[in-house]
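Asks: My structure is in start.cif, and what it holds is mmCIF, N, CA and C atoms:
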data_model
loop_
_atom_site.label_atom_id
_atom_site.label_comp_id
_atom_site.auth_asym_id
_atom_site.auth_seq_id
_atom_site.Cartn_x
_atom_site.Cartn_y
_atom_site.Cartn_z
N MET A 26 -14.00 6.11 4.83
CA MET A 26 -12.76 6.12 5.59
C MET A 26 -12.97 5.31 6.86
N ASN A 27 -11.97 4.51 7.21
CA ASN A 27 -12.05 3.69 8.40
C ASN A 27 -11.50 4.46 9.59
N ASN A 28 -12.32 4.73 10.58
CA ASN A 28 -11.89 5.48 11.75
C ASN A 28 -11.56 4.58 12.92
N ASP A 29 -11.50 3.28 12.70
CA ASP A 29 -11.16 2.36 13.78
C ASP A 29 -9.73 2.61 14.24
N ASP A 30 -9.46 2.38 15.50
CA ASP A 30 -8.13 2.52 16.05
C ASP A 30 -7.30 1.33 15.58
N THR A 31 -6.41 1.58 14.61
CA THR A 31 -5.63 0.49 14.02
C THR A 31 -4.15 0.57 14.38
N LEU A 32 -3.78 1.52 15.26
CA LEU A 32 -2.38 1.62 15.65
C LEU A 32 -2.01 0.46 16.57
N ARG A 33 -0.82 -0.04 16.39
CA ARG A 33 -0.35 -1.16 17.21
C ARG A 33 -0.06 -0.69 18.64
N PRO A 34 -0.24 -1.55 19.61
CA PRO A 34 -0.02 -1.17 21.00
C PRO A 34 1.42 -0.77 21.31
N GLU A 35 2.39 -1.24 20.50
CA GLU A 35 3.78 -0.90 20.79
C GLU A 35 4.16 0.51 20.32
N TYR A 36 3.30 1.19 19.57
CA TYR A 36 3.59 2.57 19.17
C TYR A 36 3.59 3.46 20.39
N PRO A 37 4.49 4.44 20.43
CA PRO A 37 4.56 5.31 21.60
C PRO A 37 3.26 6.10 21.79
N ALA A 38 2.93 6.33 23.05
CA ALA A 38 1.68 7.04 23.37
C ALA A 38 1.66 8.44 22.79
N ASP A 39 2.83 9.13 22.74
CA ASP A 39 2.83 10.49 22.21
C ASP A 39 2.52 10.51 20.71
N LEU A 40 2.88 9.47 19.98
CA LEU A 40 2.53 9.39 18.57
C LEU A 40 1.02 9.26 18.42
N ILE A 41 0.43 8.44 19.24
CA ILE A 41 -1.01 8.23 19.17
C ILE A 41 -1.75 9.53 19.49
N LYS A 42 -1.26 10.29 20.47
CA LYS A 42 -1.91 11.53 20.87
C LYS A 42 -1.68 12.66 19.88
N SER A 43 -0.47 12.74 19.30
CA SER A 43 -0.13 13.89 18.47
C SER A 43 -0.21 13.62 16.98
N GLY A 44 -0.41 12.37 16.59
CA GLY A 44 -0.46 12.04 15.18
C GLY A 44 -1.64 12.70 14.48
N GLU A 45 -1.45 13.00 13.21
CA GLU A 45 -2.51 13.63 12.43
C GLU A 45 -2.90 12.68 11.30
N ARG A 46 -4.13 12.19 11.35
CA ARG A 46 -4.61 11.25 10.35
C ARG A 46 -4.70 11.93 8.99
N GLY A 47 -4.13 11.29 7.99
CA GLY A 47 -4.23 11.77 6.61
C GLY A 47 -3.34 12.95 6.29
N LYS A 48 -2.34 13.23 7.11
CA LYS A 48 -1.48 14.39 6.90
C LYS A 48 -0.85 14.40 5.50
N TYR A 49 -0.46 13.26 5.01
CA TYR A 49 0.20 13.19 3.71
C TYR A 49 -0.67 12.52 2.64
N ALA A 50 -1.93 12.38 2.89
CA ALA A 50 -2.81 11.67 1.95
C ALA A 50 -2.88 12.35 0.59
N ALA A 51 -3.00 13.67 0.57
CA ALA A 51 -3.09 14.38 -0.72
C ALA A 51 -1.81 14.21 -1.52
N ARG A 52 -0.67 14.32 -0.85
CA ARG A 52 0.62 14.14 -1.53
C ARG A 52 0.72 12.72 -2.09
N TYR A 53 0.26 11.74 -1.33
CA TYR A 53 0.29 10.33 -1.78
C TYR A 53 -0.58 10.15 -3.01
N ARG A 54 -1.77 10.75 -3.01
CA ARG A 54 -2.68 10.61 -4.15
C ARG A 54 -2.10 11.22 -5.42
N GLU A 55 -1.22 12.24 -5.27
CA GLU A 55 -0.62 12.87 -6.44
C GLU A 55 0.33 11.91 -7.16
N GLY A 56 0.78 10.90 -6.47
CA GLY A 56 1.66 9.90 -7.07
C GLY A 56 3.01 9.89 -6.39
N THR A 57 3.74 8.88 -6.68
CA THR A 57 5.05 8.71 -6.08
C THR A 57 5.99 8.12 -7.11
N ASN A 58 7.27 8.32 -6.89
CA ASN A 58 8.24 7.72 -7.78
C ASN A 58 9.01 6.61 -7.07
N ALA A 59 8.45 6.12 -5.98
CA ALA A 59 9.08 5.04 -5.23
C ALA A 59 9.10 3.77 -6.08
N ALA A 60 10.24 3.11 -6.06
CA ALA A 60 10.39 1.87 -6.81
C ALA A 60 11.02 0.84 -5.88
N PRO A 61 10.23 -0.07 -5.35
CA PRO A 61 10.80 -1.07 -4.44
C PRO A 61 11.82 -1.95 -5.16
N ILE A 62 12.89 -2.28 -4.45
CA ILE A 62 13.90 -3.16 -5.04
C ILE A 62 13.75 -4.56 -4.43
N GLU A 63 14.23 -5.53 -5.14
CA GLU A 63 14.16 -6.90 -4.68
C GLU A 63 15.03 -7.09 -3.44
N PRO A 64 14.61 -7.96 -2.53
CA PRO A 64 15.35 -8.15 -1.28
C PRO A 64 16.83 -8.50 -1.48
N GLU A 65 17.16 -9.28 -2.50
CA GLU A 65 18.56 -9.67 -2.68
C GLU A 65 19.44 -8.50 -3.13
N LEU A 66 18.84 -7.41 -3.61
CA LEU A 66 19.60 -6.23 -4.02
C LEU A 66 19.82 -5.26 -2.86
N HIS A 67 19.16 -5.47 -1.75
CA HIS A 67 19.25 -4.53 -0.64
C HIS A 67 20.68 -4.41 -0.10
N ARG A 68 21.46 -5.46 -0.16
CA ARG A 68 22.85 -5.38 0.33
C ARG A 68 23.67 -4.45 -0.55
N LEU A 69 23.34 -4.34 -1.84
CA LEU A 69 24.05 -3.43 -2.74
C LEU A 69 23.49 -2.00 -2.69
N PHE A 70 22.20 -1.90 -2.39
CA PHE A 70 21.51 -0.62 -2.38
C PHE A 70 20.77 -0.43 -1.06
N PRO A 71 21.49 -0.22 0.04
CA PRO A 71 20.84 -0.12 1.35
C PRO A 71 20.06 1.17 1.57
N ASP A 72 20.35 2.21 0.77
CA ASP A 72 19.63 3.47 0.89
C ASP A 72 19.66 4.19 -0.46
N ALA A 73 19.19 5.41 -0.50
CA ALA A 73 19.01 6.13 -1.77
C ALA A 73 20.32 6.48 -2.46
N GLU A 74 21.38 6.74 -1.71
CA GLU A 74 22.63 7.21 -2.33
C GLU A 74 23.19 6.23 -3.36
N PRO A 75 23.39 4.94 -3.04
CA PRO A 75 23.93 4.04 -4.07
C PRO A 75 22.95 3.81 -5.23
N VAL A 76 21.68 3.88 -4.96
CA VAL A 76 20.70 3.75 -6.05
C VAL A 76 20.86 4.92 -7.01
N ASN A 77 20.90 6.14 -6.47
CA ASN A 77 21.06 7.31 -7.32
C ASN A 77 22.36 7.28 -8.09
N ASN A 78 23.46 6.87 -7.44
CA ASN A 78 24.75 6.78 -8.14
C ASN A 78 24.68 5.78 -9.28
N ALA A 79 24.08 4.63 -9.06
CA ALA A 79 23.98 3.60 -10.10
C ALA A 79 23.11 4.10 -11.25
N LEU A 80 22.03 4.76 -10.95
CA LEU A 80 21.16 5.28 -12.01
C LEU A 80 21.85 6.37 -12.82
N ARG A 81 22.64 7.20 -12.15
CA ARG A 81 23.39 8.23 -12.89
C ARG A 81 24.40 7.59 -13.85
N ARG A 82 25.10 6.55 -13.39
CA ARG A 82 26.04 5.85 -14.28
C ARG A 82 25.31 5.17 -15.43
N TYR A 83 24.17 4.59 -15.15
CA TYR A 83 23.39 3.91 -16.17
C TYR A 83 22.87 4.91 -17.22
N ALA A 84 22.38 6.05 -16.75
CA ALA A 84 21.79 7.04 -17.65
C ALA A 84 22.85 7.74 -18.50
N GLY A 85 24.07 7.80 -18.00
CA GLY A 85 25.15 8.43 -18.76
C GLY A 85 25.06 9.95 -18.72
N PRO A 86 25.93 10.59 -19.49
CA PRO A 86 26.01 12.07 -19.48
C PRO A 86 24.80 12.75 -20.08
#
Spit out the file's structure as structure tokens when you get a sec.
Replies:
Amino acid sequence: MNNDDTLRPEYPADLIKSGERGKYAARYREGTNAAPIEPELHRLFPDAEPVNNALRRYAGP
């Protein structure tokens, strides 16, 4: 594990002081269902709601 200070200087000081390294590491290792979309689709799918709606229509009843 790399313990070097890799936080950017523009991050707020309270984040640096109160942050917990590896807080979500175990959850990340379990896997994720994140699926990045292509940049040109971002205007149609700016957040999760339109993505979920489109997938529901695609999947059908």
Asks: What gap, in Å, lies between atom CA of A:Asp72 and atom CA of A:Ala60?
Replies: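 Result for atom CA of A:Asp72 versus atom CA of A:Ala60: 12.1 Å, one decimal.
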Asks: Find the distance between atom CA of A:Tyr49 and atom N of A:Arg33 and write it in Å to one decimal.
Replies: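 Distance between the two atoms: 18.4 Å.
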Asks: Just the number, please: distance in Å from atom CA of A:Glu65 to atom CA of A:Tyr83, one decimal.
Replies: 19.7 Å
Asks: How would stretch 67-78 of chain A look with all heavy atoms restored, written as a PDB file, in the frame of the given file?
Replies:
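Dumped everything to rebuild_4.pdb:
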ATOM      1  N   HIS A  67      19.160  -5.470  -1.750  1.00  0.00           N
ATOM      2  CA  HIS A  67      19.250  -4.530  -0.640  1.00  0.00           C
ATOM      3  C   HIS A  67      20.680  -4.410  -0.100  1.00  0.00           C
ATOM      4  O   HIS A  67      21.090  -3.345   0.334  1.00  0.00           O
ATOM      5  CB  HIS A  67      18.292  -4.910   0.479  1.00  0.00           C
ATOM      6  CG  HIS A  67      18.201  -3.855   1.527  1.00  0.00           C
ATOM      7  ND1 HIS A  67      18.896  -3.920   2.705  1.00  0.00           N
ATOM      8  CD2 HIS A  67      17.518  -2.701   1.551  1.00  0.00           C
ATOM      9  CE1 HIS A  67      18.638  -2.843   3.411  1.00  0.00           C
ATOM     10  NE2 HIS A  67      17.809  -2.076   2.743  1.00  0.00           N
ATOM     11  N   ARG A  68      21.460  -5.460  -0.160  1.00  0.00           N
ATOM     12  CA  ARG A  68      22.850  -5.380   0.330  1.00  0.00           C
ATOM     13  C   ARG A  68      23.670  -4.450  -0.550  1.00  0.00           C
ATOM     14  O   ARG A  68      24.609  -3.815  -0.101  1.00  0.00           O
ATOM     15  CB  ARG A  68      23.484  -6.758   0.443  1.00  0.00           C
ATOM     16  CG  ARG A  68      23.722  -7.455  -0.861  1.00  0.00           C
ATOM     17  CD  ARG A  68      24.356  -8.833  -0.656  1.00  0.00           C
ATOM     18  NE  ARG A  68      24.450  -9.537  -1.912  1.00  0.00           N
ATOM     19  CZ  ARG A  68      25.382  -9.309  -2.823  1.00  0.00           C
ATOM     20  NH1 ARG A  68      26.307  -8.419  -2.602  1.00  0.00           N
ATOM     21  NH2 ARG A  68      25.395  -9.989  -3.954  1.00  0.00           N
ATOM     22  N   LEU A  69      23.340  -4.340  -1.840  1.00  0.00           N
ATOM     23  CA  LEU A  69      24.050  -3.430  -2.740  1.00  0.00           C
ATOM     24  C   LEU A  69      23.490  -2.000  -2.690  1.00  0.00           C
ATOM     25  O   LEU A  69      24.198  -1.041  -2.939  1.00  0.00           O
ATOM     26  CB  LEU A  69      23.936  -3.930  -4.189  1.00  0.00           C
ATOM     27  CG  LEU A  69      24.555  -5.285  -4.482  1.00  0.00           C
ATOM     28  CD1 LEU A  69      24.188  -5.736  -5.888  1.00  0.00           C
ATOM     29  CD2 LEU A  69      26.050  -5.220  -4.301  1.00  0.00           C
ATOM     30  N   PHE A  70      22.200  -1.900  -2.390  1.00  0.00           N
ATOM     31  CA  PHE A  70      21.510  -0.620  -2.380  1.00  0.00           C
ATOM     32  C   PHE A  70      20.770  -0.430  -1.060  1.00  0.00           C
ATOM     33  O   PHE A  70      19.536  -0.449  -1.020  1.00  0.00           O
ATOM     34  CB  PHE A  70      20.518  -0.538  -3.537  1.00  0.00           C
ATOM     35  CG  PHE A  70      21.164  -0.705  -4.889  1.00  0.00           C
ATOM     36  CD1 PHE A  70      21.073  -1.907  -5.561  1.00  0.00           C
ATOM     37  CD2 PHE A  70      21.846   0.345  -5.478  1.00  0.00           C
ATOM     38  CE1 PHE A  70      21.663  -2.070  -6.805  1.00  0.00           C
ATOM     39  CE2 PHE A  70      22.439   0.190  -6.728  1.00  0.00           C
ATOM     40  CZ  PHE A  70      22.350  -1.016  -7.390  1.00  0.00           C
ATOM     41  N   PRO A  71      21.490  -0.220   0.040  1.00  0.00           N
ATOM     42  CA  PRO A  71      20.840  -0.120   1.350  1.00  0.00           C
ATOM     43  C   PRO A  71      20.060   1.170   1.570  1.00  0.00           C
ATOM     44  O   PRO A  71      19.222   1.242   2.451  1.00  0.00           O
ATOM     45  CB  PRO A  71      21.989  -0.245   2.340  1.00  0.00           C
ATOM     46  CG  PRO A  71      23.176   0.259   1.584  1.00  0.00           C
ATOM     47  CD  PRO A  71      22.935  -0.144   0.157  1.00  0.00           C
ATOM     48  N   ASP A  72      20.350   2.210   0.770  1.00  0.00           N
ATOM     49  CA  ASP A  72      19.630   3.470   0.890  1.00  0.00           C
ATOM     50  C   ASP A  72      19.660   4.190  -0.460  1.00  0.00           C
ATOM     51  O   ASP A  72      20.128   3.646  -1.456  1.00  0.00           O
ATOM     52  CB  ASP A  72      20.191   4.337   2.023  1.00  0.00           C
ATOM     53  CG  ASP A  72      21.681   4.627   1.860  1.00  0.00           C
ATOM     54  OD1 ASP A  72      22.129   4.886   0.729  1.00  0.00           O
ATOM     55  OD2 ASP A  72      22.387   4.592   2.875  1.00  0.00           O
ATOM     56  N   ALA A  73      19.190   5.410  -0.500  1.00  0.00           N
ATOM     57  CA  ALA A  73      19.010   6.130  -1.770  1.00  0.00           C
ATOM     58  C   ALA A  73      20.320   6.480  -2.460  1.00  0.00           C
ATOM     59  O   ALA A  73      20.381   6.518  -3.694  1.00  0.00           O
ATOM     60  CB  ALA A  73      18.199   7.402  -1.527  1.00  0.00           C
ATOM     61  N   GLU A  74      21.380   6.740  -1.710  1.00  0.00           N
ATOM     62  CA  GLU A  74      22.630   7.210  -2.330  1.00  0.00           C
ATOM     63  C   GLU A  74      23.190   6.230  -3.360  1.00  0.00           C
ATOM     64  O   GLU A  74      23.453   6.620  -4.510  1.00  0.00           O
ATOM     65  CB  GLU A  74      23.667   7.530  -1.264  1.00  0.00           C
ATOM     66  CG  GLU A  74      24.927   8.138  -1.856  1.00  0.00           C
ATOM     67  CD  GLU A  74      25.931   8.531  -0.803  1.00  0.00           C
ATOM     68  OE1 GLU A  74      25.648   8.393   0.395  1.00  0.00           O
ATOM     69  OE2 GLU A  74      27.014   8.966  -1.193  1.00  0.00           O
ATOM     70  N   PRO A  75      23.390   4.940  -3.040  1.00  0.00           N
ATOM     71  CA  PRO A  75      23.930   4.040  -4.070  1.00  0.00           C
ATOM     72  C   PRO A  75      22.950   3.810  -5.230  1.00  0.00           C
ATOM     73  O   PRO A  75      23.382   3.599  -6.362  1.00  0.00           O
ATOM     74  CB  PRO A  75      24.218   2.742  -3.317  1.00  0.00           C
ATOM     75  CG  PRO A  75      23.499   2.836  -2.028  1.00  0.00           C
ATOM     76  CD  PRO A  75      23.304   4.281  -1.738  1.00  0.00           C
ATOM     77  N   VAL A  76      21.680   3.880  -4.960  1.00  0.00           N
ATOM     78  CA  VAL A  76      20.700   3.750  -6.050  1.00  0.00           C
ATOM     79  C   VAL A  76      20.860   4.920  -7.010  1.00  0.00           C
ATOM     80  O   VAL A  76      20.928   4.742  -8.229  1.00  0.00           O
ATOM     81  CB  VAL A  76      19.253   3.695  -5.496  1.00  0.00           C
ATOM     82  CG1 VAL A  76      18.240   3.754  -6.628  1.00  0.00           C
ATOM     83  CG2 VAL A  76      19.047   2.457  -4.649  1.00  0.00           C
ATOM     84  N   ASN A  77      20.900   6.140  -6.470  1.00  0.00           N
ATOM     85  CA  ASN A  77      21.060   7.310  -7.320  1.00  0.00           C
ATOM     86  C   ASN A  77      22.360   7.280  -8.090  1.00  0.00           C
ATOM     87  O   ASN A  77      22.397   7.614  -9.285  1.00  0.00           O
ATOM     88  CB  ASN A  77      20.959   8.593  -6.482  1.00  0.00           C
ATOM     89  CG  ASN A  77      19.557   8.840  -6.006  1.00  0.00           C
ATOM     90  OD1 ASN A  77      18.590   8.481  -6.660  1.00  0.00           O
ATOM     91  ND2 ASN A  77      19.440   9.456  -4.852  1.00  0.00           N
ATOM     92  N   ASN A  78      23.460   6.870  -7.440  1.00  0.00           N
ATOM     93  CA  ASN A  78      24.750   6.780  -8.140  1.00  0.00           C
ATOM     94  C   ASN A  78      24.680   5.780  -9.280  1.00  0.00           C
ATOM     95  O   ASN A  78      25.171   6.047 -10.382  1.00  0.00           O
ATOM     96  CB  ASN A  78      25.858   6.395  -7.163  1.00  0.00           C
ATOM     97  CG  ASN A  78      26.157   7.501  -6.178  1.00  0.00           C
ATOM     98  OD1 ASN A  78      25.878   8.673  -6.446  1.00  0.00           O
ATOM     99  ND2 ASN A  78      26.716   7.146  -5.045  1.00  0.00           N
TER     100      ASN A  78
END
